[in-house]
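Student: So that you have it, the file is query23.pdb, and it contains PDB, C-alpha atoms, pLDDT in the B column:
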```pdb
ATOM      1  CA  MET A  28      23.654   8.390  11.034  1.00 91.00           C
ATOM      2  CA  GLN A  29      23.142   5.098   9.328  1.00 92.00           C
ATOM      3  CA  SER A  30      19.768   3.500   8.741  1.00 89.00           C
ATOM      4  CA  HIS A  31      18.462   0.338   7.176  1.00 83.00           C
ATOM      5  CA  LEU A  32      14.884  -0.657   6.382  1.00 83.00           C
ATOM      6  CA  LEU A  33      14.468  -4.027   8.099  1.00 84.00           C
ATOM      7  CA  THR A  34      10.890  -4.926   7.157  1.00 78.00           C
ATOM      8  CA  THR A  35       7.877  -3.490   5.446  1.00 78.00           C
ATOM      9  CA  ASP A  36       4.223  -4.483   5.399  1.00 73.00           C
ATOM     10  CA  PRO A  37       2.890  -3.220   2.061  1.00 68.00           C
ATOM     11  CA  ALA A  38      -0.712  -3.981   3.042  1.00 66.00           C
ATOM     12  CA  GLN A  39      -0.532  -1.411   5.839  1.00 67.00           C
ATOM     13  CA  ALA A  40       2.440   0.677   4.591  1.00 65.00           C
ATOM     14  CA  LEU A  41       4.354  -0.107   7.792  1.00 85.00           C
ATOM     15  CA  ARG A  42       8.125  -0.007   8.081  1.00 90.00           C
ATOM     16  CA  THR A  43      10.640  -1.090  10.709  1.00 94.00           C
ATOM     17  CA  TYR A  44      14.079   0.530  10.717  1.00 96.00           C
ATOM     18  CA  ALA A  45      17.443  -0.010  12.371  1.00 97.00           C
ATOM     19  CA  ILE A  46      18.994   3.403  12.956  1.00 98.00           C
ATOM     20  CA  VAL A  47      22.518   3.901  14.276  1.00 98.00           C
ATOM     21  CA  LEU A  48      23.563   7.347  15.456  1.00 98.00           C
ATOM     22  CA  ASP A  49      27.207   8.366  15.422  1.00 98.00           C
ATOM     23  CA  ALA A  50      29.335  10.106  18.041  1.00 98.00           C
ATOM     24  CA  GLY A  51      28.469  13.769  18.377  1.00 98.00           C
ATOM     25  CA  GLU A  52      24.867  13.510  17.144  1.00 98.00           C
ATOM     26  CA  GLU A  53      22.129  14.928  19.367  1.00 98.00           C
ATOM     27  CA  ALA A  54      19.731  11.990  19.710  1.00 98.00           C
ATOM     28  CA  PRO A  55      16.208  13.515  19.822  1.00 98.00           C
ATOM     29  CA  THR A  56      17.065  15.975  17.044  1.00 98.00           C
ATOM     30  CA  ALA A  57      18.561  13.263  14.815  1.00 98.00           C
ATOM     31  CA  LEU A  58      15.539  10.995  15.374  1.00 98.00           C
ATOM     32  CA  THR A  59      13.084  13.826  14.670  1.00 98.00           C
ATOM     33  CA  ASP A  60      14.962  14.692  11.459  1.00 98.00           C
ATOM     34  CA  PHE A  61      14.924  11.027  10.390  1.00 98.00           C
ATOM     35  CA  ALA A  62      11.165  10.820  10.983  1.00 97.00           C
ATOM     36  CA  ALA A  63      10.550  13.992   8.977  1.00 97.00           C
ATOM     37  CA  ARG A  64      12.697  12.796   6.034  1.00 97.00           C
ATOM     38  CA  ASN A  65      10.859   9.463   5.972  1.00 95.00           C
ATOM     39  CA  ALA A  66       7.322  10.798   6.598  1.00 93.00           C
ATOM     40  CA  ILE A  67       6.956   8.895   9.887  1.00 94.00           C
ATOM     41  CA  TYR A  68       4.156  10.364  12.007  1.00 91.00           C
ATOM     42  CA  ALA A  69       3.367   7.421  14.277  1.00 92.00           C
ATOM     43  CA  ALA A  70       5.956   5.010  15.632  1.00 95.00           C
ATOM     44  CA  ALA A  71       7.431   3.389  18.714  1.00 96.00           C
ATOM     45  CA  PHE A  72      11.141   2.951  19.308  1.00 98.00           C
ATOM     46  CA  THR A  73      13.668   1.445  21.684  1.00 98.00           C
ATOM     47  CA  ALA A  74      17.363   2.216  21.887  1.00 98.00           C
ATOM     48  CA  ILE A  75      20.578   1.355  23.695  1.00 98.00           C
ATOM     49  CA  GLY A  76      23.970   3.002  23.484  1.00 98.00           C
ATOM     50  CA  ALA A  77      25.928   5.706  25.255  1.00 98.00           C
ATOM     51  CA  PHE A  78      26.188   9.464  25.647  1.00 98.00           C
ATOM     52  CA  GLU A  79      28.960  11.887  26.505  1.00 98.00           C
ATOM     53  CA  ARG A  80      26.318  13.993  28.259  1.00 98.00           C
ATOM     54  CA  ALA A  81      22.539  14.047  28.532  1.00 98.00           C
ATOM     55  CA  THR A  82      19.655  15.979  30.031  1.00 98.00           C
ATOM     56  CA  LEU A  83      16.722  14.317  31.764  1.00 98.00           C
ATOM     57  CA  GLY A  84      13.536  15.966  32.939  1.00 98.00           C
ATOM     58  CA  TRP A  85      10.753  15.591  35.476  1.00 97.00           C
ATOM     59  CA  PHE A  86       7.555  17.512  34.749  1.00 93.00           C
ATOM     60  CA  ASP A  87       6.436  19.829  37.545  1.00 94.00           C
ATOM     61  CA  PHE A  88       2.678  20.302  37.087  1.00 90.00           C
ATOM     62  CA  ASP A  89       2.549  23.341  39.363  1.00 92.00           C
ATOM     63  CA  ARG A  90       5.135  25.242  37.281  1.00 92.00           C
ATOM     64  CA  LYS A  91       4.114  23.599  33.974  1.00 89.00           C
ATOM     65  CA  ALA A  92       7.793  23.090  33.175  1.00 91.00           C
ATOM     66  CA  TYR A  93      10.472  20.411  33.368  1.00 94.00           C
ATOM     67  CA  ASP A  94      12.951  20.278  36.216  1.00 97.00           C
ATOM     68  CA  ARG A  95      16.189  19.428  34.433  1.00 98.00           C
ATOM     69  CA  THR A  96      18.876  16.980  35.562  1.00 98.00           C
ATOM     70  CA  GLU A  97      22.138  17.383  33.675  1.00 98.00           C
ATOM     71  CA  VAL A  98      24.292  14.269  33.366  1.00 98.00           C
ATOM     72  CA  THR A  99      27.702  15.734  32.518  1.00 98.00           C
ATOM     73  CA  GLU A 100      29.694  12.528  32.278  1.00 98.00           C
ATOM     74  CA  GLN A 101      29.895   9.526  29.986  1.00 98.00           C
ATOM     75  CA  CYS A 102      26.824   7.382  30.611  1.00 98.00           C
ATOM     76  CA  GLU A 103      25.242   4.251  29.224  1.00 98.00           C
ATOM     77  CA  GLY A 104      21.791   4.377  27.699  1.00 98.00           C
ATOM     78  CA  LEU A 105      20.480   1.320  29.550  1.00 97.00           C
ATOM     79  CA  SER A 106      16.933   1.816  28.333  1.00 96.00           C
ATOM     80  CA  LEU A 107      15.557   4.460  26.018  1.00 98.00           C
ATOM     81  CA  ILE A 108      11.973   4.056  24.886  1.00 98.00           C
ATOM     82  CA  GLY A 109       9.549   6.388  23.222  1.00 97.00           C
ATOM     83  CA  ASP A 110       7.156   7.237  20.478  1.00 96.00           C
ATOM     84  CA  ILE A 111       6.717   9.581  17.570  1.00 96.00           C
ATOM     85  CA  ALA A 112       3.449  11.372  16.912  1.00 93.00           C
ATOM     86  CA  GLU A 113       2.306  14.285  14.786  1.00 91.00           C
ATOM     87  CA  ASP A 114       2.431  17.593  16.690  1.00 90.00           C
ATOM     88  CA  ASP A 115       0.210  20.678  16.531  1.00 88.00           C
ATOM     89  CA  LYS A 116       2.144  21.911  13.474  1.00 92.00           C
ATOM     90  CA  GLY A 117       1.845  18.627  11.563  1.00 91.00           C
ATOM     91  CA  GLU A 118       5.486  17.665  12.210  1.00 94.00           C
ATOM     92  CA  PRO A 119       6.872  14.479  13.793  1.00 95.00           C
ATOM     93  CA  SER A 120       7.351  14.887  17.548  1.00 94.00           C
ATOM     94  CA  VAL A 121       9.613  12.589  19.597  1.00 96.00           C
ATOM     95  CA  HIS A 122       8.684  11.724  23.202  1.00 96.00           C
ATOM     96  CA  ALA A 123      11.156   9.527  25.071  1.00 98.00           C
ATOM     97  CA  HIS A 124      12.102   8.366  28.549  1.00 98.00           C
ATOM     98  CA  ALA A 125      15.520   7.024  29.519  1.00 98.00           C
ATOM     99  CA  VAL A 126      17.413   5.228  32.235  1.00 98.00           C
ATOM    100  CA  LEU A 127      21.098   6.174  32.144  1.00 98.00           C
ATOM    101  CA  GLY A 128      23.813   4.166  33.886  1.00 98.00           C
ATOM    102  CA  LEU A 129      26.762   5.989  35.454  1.00 98.00           C
ATOM    103  CA  LYS A 130      30.337   4.818  36.087  1.00 97.00           C
ATOM    104  CA  ASP A 131      29.589   3.958  39.729  1.00 98.00           C
ATOM    105  CA  ALA A 132      26.649   1.722  38.660  1.00 97.00           C
ATOM    106  CA  THR A 133      24.025   4.222  39.834  1.00 98.00           C
ATOM    107  CA  THR A 134      21.295   5.332  37.468  1.00 98.00           C
ATOM    108  CA  ARG A 135      19.404   8.468  36.518  1.00 98.00           C
ATOM    109  CA  GLY A 136      16.050   8.326  34.797  1.00 98.00           C
ATOM    110  CA  GLY A 137      13.318  10.517  33.434  1.00 98.00           C
ATOM    111  CA  HIS A 138      12.006  12.280  30.378  1.00 98.00           C
ATOM    112  CA  PHE A 139      14.819  12.267  27.788  1.00 98.00           C
ATOM    113  CA  LEU A 140      15.324  15.912  26.813  1.00 98.00           C
ATOM    114  CA  SER A 141      18.707  15.678  25.083  1.00 98.00           C
ATOM    115  CA  GLY A 142      21.744  13.481  24.677  1.00 98.00           C
ATOM    116  CA  ILE A 143      25.012  13.782  22.751  1.00 98.00           C
ATOM    117  CA  VAL A 144      25.868  10.320  21.462  1.00 98.00           C
ATOM    118  CA  HIS A 145      29.271   8.807  22.276  1.00 98.00           C
ATOM    119  CA  PRO A 146      30.204   6.448  20.741  1.00 98.00           C
ATOM    120  CA  THR A 147      26.915   5.105  19.299  1.00 98.00           C
ATOM    121  CA  LEU A 148      23.163   4.783  19.786  1.00 98.00           C
ATOM    122  CA  GLU A 149      21.324   1.806  18.270  1.00 98.00           C
ATOM    123  CA  ILE A 150      17.612   2.403  17.642  1.00 98.00           C
ATOM    124  CA  THR A 151      14.870   0.075  16.440  1.00 97.00           C
ATOM    125  CA  LEU A 152      11.871   2.051  15.178  1.00 97.00           C
ATOM    126  CA  SER A 153       8.526   0.524  14.143  1.00 95.00           C
ATOM    127  CA  GLU A 154       5.706   2.452  12.519  1.00 92.00           C
ATOM    128  CA  SER A 155       2.135   2.320  13.767  1.00 86.00           C
ATOM    129  CA  PRO A 156      -0.677   1.653  11.295  1.00 77.00           C
ATOM    130  CA  VAL A 157      -2.608   4.688  12.597  1.00 72.00           C
ATOM    131  CA  HIS A 158      -1.142   8.184  12.694  1.00 68.00           C
ATOM    132  CA  LEU A 159      -0.972   9.430  16.245  1.00 70.00           C
ATOM    133  CA  ARG A 160      -1.518  13.087  17.051  1.00 76.00           C
ATOM    134  CA  ARG A 161       0.040  14.875  20.011  1.00 76.00           C
ATOM    135  CA  ARG A 162      -1.868  18.028  20.958  1.00 74.00           C
ATOM    136  CA  THR A 163      -1.030  20.727  23.464  1.00 76.00           C
ATOM    137  CA  ILE A 164      -3.512  20.647  26.327  1.00 75.00           C
ATOM    138  CA  ALA A 165      -4.588  24.154  27.336  1.00 77.00           C
ATOM    139  CA  GLY A 166      -3.685  25.009  30.908  1.00 78.00           C
ATOM    140  CA  MET A 167      -1.494  21.930  31.349  1.00 77.00           C
ATOM    141  CA  GLY A 168       1.671  22.906  29.504  1.00 77.00           C
ATOM    142  CA  LEU A 169       2.047  19.477  27.914  1.00 79.00           C
ATOM    143  CA  ALA A 170       1.329  17.969  24.516  1.00 77.00           C
ATOM    144  CA  LEU A 171      -0.353  14.569  24.901  1.00 75.00           C
ATOM    145  CA  ILE A 172      -1.396  11.908  22.424  1.00 73.00           C
ATOM    146  CA  LYS A 173      -5.115  11.837  21.771  1.00 70.00           C
ATOM    147  CA  ALA A 174      -6.527   8.408  20.908  1.00 65.00           C
ATOM    148  CA  PRO A 175      -7.520   8.242  17.231  1.00 62.00           C
ATOM    149  CA  ASP A 176     -11.165   7.872  16.309  1.00 61.00           C
ATOM    150  CA  GLY A 177     -12.110   4.339  15.475  1.00 52.00           C
ATOM    151  CA  PRO A 178     -13.590   1.189  16.933  1.00 52.00           C
ATOM    152  CA  ALA A 179     -13.114   0.637  20.635  1.00 49.00           C
ATOM    153  CA  CYS A 180     -11.179  -2.347  21.917  1.00 46.00           C
ATOM    154  CA  PRO A 181     -13.269  -5.172  23.331  1.00 46.00           C
TER     155      PRO A 181
END
```
Using C-alpha cells, write down the structure from this file.

Tutor:
Amino acid sequence: MQSHLLTTDPAQALRTYAIVLDAGEEAPTALTDFAARNAIYAAAFTAIGAFERATLGWFDFDRKAYDRTEVTEQCEGLSLIGDIAEDDKGEPSVHAHAVLGLKDATTRGGHFLSGIVHPTLEITLSESPVHLRRRTIAGMGLALIKAPDGPACP
C-alpha cells in the first residue's frame, strides 16, 4: 500500500488521502487497517482498479444474512464507493458497494464483501468533520449509521 496526504483543513482537522493498494492486498481489510492507523472514524471514499477475485453480497432481510456472489475471475472495479464509520467497538468500519466489470462486458454489483487486488486499486478518501457511528440494530442483523446529534438541516 502507498498513501499520500493530498489536502488538510486544519480548522476542522480534515484530511484527504490518495491510497493505492498493491496486487494481492485484500481491499476492505487494507482500507480498515489504514483508517485505524490514521485515526479515521468518519470518511467517504471512491475507488477504481481491478481484482483477481471478489465477493459481492445482497442482504436478505428474512434470513438476516448476505447472499454471496463469488466473482472468481479477473474483473474491473468500475465503481467502488463507500464510507467509514465508528462501529460498536469504537473501531473504524468500512461499508462499500461495487460494480465489477467482467471480460464479456457484463457487470456484477452489490455490497462489496471482499476483493483481492490485481494489479492495483486507486482510492480517494475524504474525512467527514463529524464522526459517524454505525450501530447494530437489534432484530435486523445490520449495523447502520445513526445521524449525529446537532442542528437539523433547513

Student: What separation in Å, quoted to one decimal, exists between CA of Arg95 (chain A) and CA of Arg160 (chain A)?

Tutor: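 Calculated distance between CA of Arg95 (chain A) and CA of Arg160 (chain A) is 25.6 Å.
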
Student: Using the chain letters and numbers from the file, give me the residues hit by the PyMOL selection byres ((chain A and resi 62) around 10), as a PDB file with C-alpha atoms, keeping the file's coordinate frame.

Tutor:
```pdb
ATOM      1  CA  THR A  56      17.065  15.975  17.044  1.00 98.00           C
ATOM      2  CA  ALA A  57      18.561  13.263  14.815  1.00 98.00           C
ATOM      3  CA  LEU A  58      15.539  10.995  15.374  1.00 98.00           C
ATOM      4  CA  THR A  59      13.084  13.826  14.670  1.00 98.00           C
ATOM      5  CA  ASP A  60      14.962  14.692  11.459  1.00 98.00           C
ATOM      6  CA  PHE A  61      14.924  11.027  10.390  1.00 98.00           C
ATOM      7  CA  ALA A  63      10.550  13.992   8.977  1.00 97.00           C
ATOM      8  CA  ARG A  64      12.697  12.796   6.034  1.00 97.00           C
ATOM      9  CA  ASN A  65      10.859   9.463   5.972  1.00 95.00           C
ATOM     10  CA  ALA A  66       7.322  10.798   6.598  1.00 93.00           C
ATOM     11  CA  ILE A  67       6.956   8.895   9.887  1.00 94.00           C
ATOM     12  CA  TYR A  68       4.156  10.364  12.007  1.00 91.00           C
ATOM     13  CA  ALA A  69       3.367   7.421  14.277  1.00 92.00           C
ATOM     14  CA  ALA A  70       5.956   5.010  15.632  1.00 95.00           C
ATOM     15  CA  ILE A 111       6.717   9.581  17.570  1.00 96.00           C
ATOM     16  CA  ALA A 112       3.449  11.372  16.912  1.00 93.00           C
ATOM     17  CA  GLU A 118       5.486  17.665  12.210  1.00 94.00           C
ATOM     18  CA  PRO A 119       6.872  14.479  13.793  1.00 95.00           C
ATOM     19  CA  SER A 120       7.351  14.887  17.548  1.00 94.00           C
ATOM     20  CA  VAL A 121       9.613  12.589  19.597  1.00 96.00           C
ATOM     21  CA  LEU A 152      11.871   2.051  15.178  1.00 97.00           C
TER      22      LEU A 152
END
```

Student: Name the residues captured by the PyMOL selection byres ((chain A and resi 78) around 8) when it is applied to the shown file; answer as a list in words.

Tutor: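 What the PyMOL selection byres ((chain A and resi 78) around 8) grabs from the file is Gly76, Ala77, Glu79, Arg80, Ala81, Gln101, Cys102, Glu103, Gly104, Gly142, Ile143, Val144, His145, Pro146 and Thr147 of chain A.
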
Student: So that I can check the surroundings of Thr134 (chain A), please list as a list in words every protein, DNA and RNA residue that reaches within 12 Å of it, counting all atoms listed in the file and ignoring chain neighbours fewer than 4 positions away.

Tutor: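 Contacts, with the query itself left out: Leu83, Val98, Cys102, Glu103, Gly104, Leu105, Ser106, Ala125, Val126, Leu127, Gly128, Leu129 and Lys130 of chain A.
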
Student: What does the distance between CA of Met167 (chain A) and CA of Gly137 (chain A) come to in Å, to one decimal place?

Tutor: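 CA of Gly137 (chain A) lies at a distance of 18.8 Å from CA of Met167 (chain A).
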
Student: Give the answer as one residue: which of A:Ile46, A:Ala123, A:Leu159, A:Leu140 has the shortest atom-to-atom distance to Asp94 (chain A), using all atoms listed in the file?

Tutor: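 Between A:Ile46, A:Ala123, A:Leu159, A:Leu140, the residue approaching Asp94 (chain A) most closely is A:Leu140.
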
Student: So, with all atoms listed in the file as the atoms that count, which of A:His31, A:Lys173, A:His122, A:Arg90 lies closest to Arg161 (chain A)?

Tutor: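 Of all the options, A:Lys173 lies closest to Arg161 (chain A).
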
Student: To one decimal in Å, tell me the separation between CA of Gln29 (chain A) and CA of Glu53 (chain A).

Tutor: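 Value for the CA of Gln29 (chain A)-CA of Glu53 (chain A) distance: 14.1 Å.
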
Student: Can you tell me, as a compact mmCIF listing (two decimals) with C-alpha atoms, keeping the file's coordinate frame, which residues sit within 6 Å of (10.1, -0.4, 23.1) in the file's frame, using only C-alpha atoms?

Tutor:
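Saved result, selection-v5.txt, follows:
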```txt
# COMPACT_ATOMS: atom_id res chain seq x y z
CA PHE A 72 11.14 2.95 19.31
CA THR A 73 13.67 1.44 21.68
CA ILE A 108 11.97 4.06 24.89
```

Student: List, as an NGL selection string, every residue that the PyMOL selection byres ((chain A and resi 49) around 7) selects in the file provided.

Tutor: :A and (28 or 47-48 or 50-52 or 144 or 146-148)

Student: Store the residues picked out above in a file with C-alpha atoms, as a compact mmCIF listing (two decimals), keeping the file's coordinate frame.

Tutor:
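Now in part37.txt:
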```
# COMPACT_ATOMS: atom_id res chain seq x y z
CA MET A 28 23.65 8.39 11.03
CA VAL A 47 22.52 3.90 14.28
CA LEU A 48 23.56 7.35 15.46
CA ALA A 50 29.34 10.11 18.04
CA GLY A 51 28.47 13.77 18.38
CA GLU A 52 24.87 13.51 17.14
CA VAL A 144 25.87 10.32 21.46
CA PRO A 146 30.20 6.45 20.74
CA THR A 147 26.92 5.11 19.30
CA LEU A 148 23.16 4.78 19.79
```

Student: Choose the residue, out of A:Asp115, A:Tyr93, A:His138, A:Thr133, that has the smallest atom-to-atom separation from Arg162 (chain A); count all atoms listed in the file.

Tutor: A:Asp115

Student: Given all atoms listed in the file as the basis, pick out the residue of A:Ala170, A:Ala45, A:Leu32, A:Ile150 nearest to Lys116 (chain A).

Tutor: A:Ala170

Student: Could you work out an axis-aligned bounding box for all listed atoms of region 131-142 of chain A, with 4 Å added on each of the six sides, and give its centre and edge lengths in Å to one decimal, as AutoDock Vina command-line options?

Tutor:
```
--center_x 20.8 --center_y 8.8 --center_z 32.3 --size_x 25.6 --size_y 22.2 --size_z 23.2
```

Student: Name the closest residue to Phe139 (chain A) among the candidates A:Ile172, A:Thr96, A:His124, A:Thr43; distances are taken between atoms, counting only C-alpha atoms.

Tutor: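 Once distances to Phe139 (chain A) are computed over only C-alpha atoms, the minimum belongs to A:His124.
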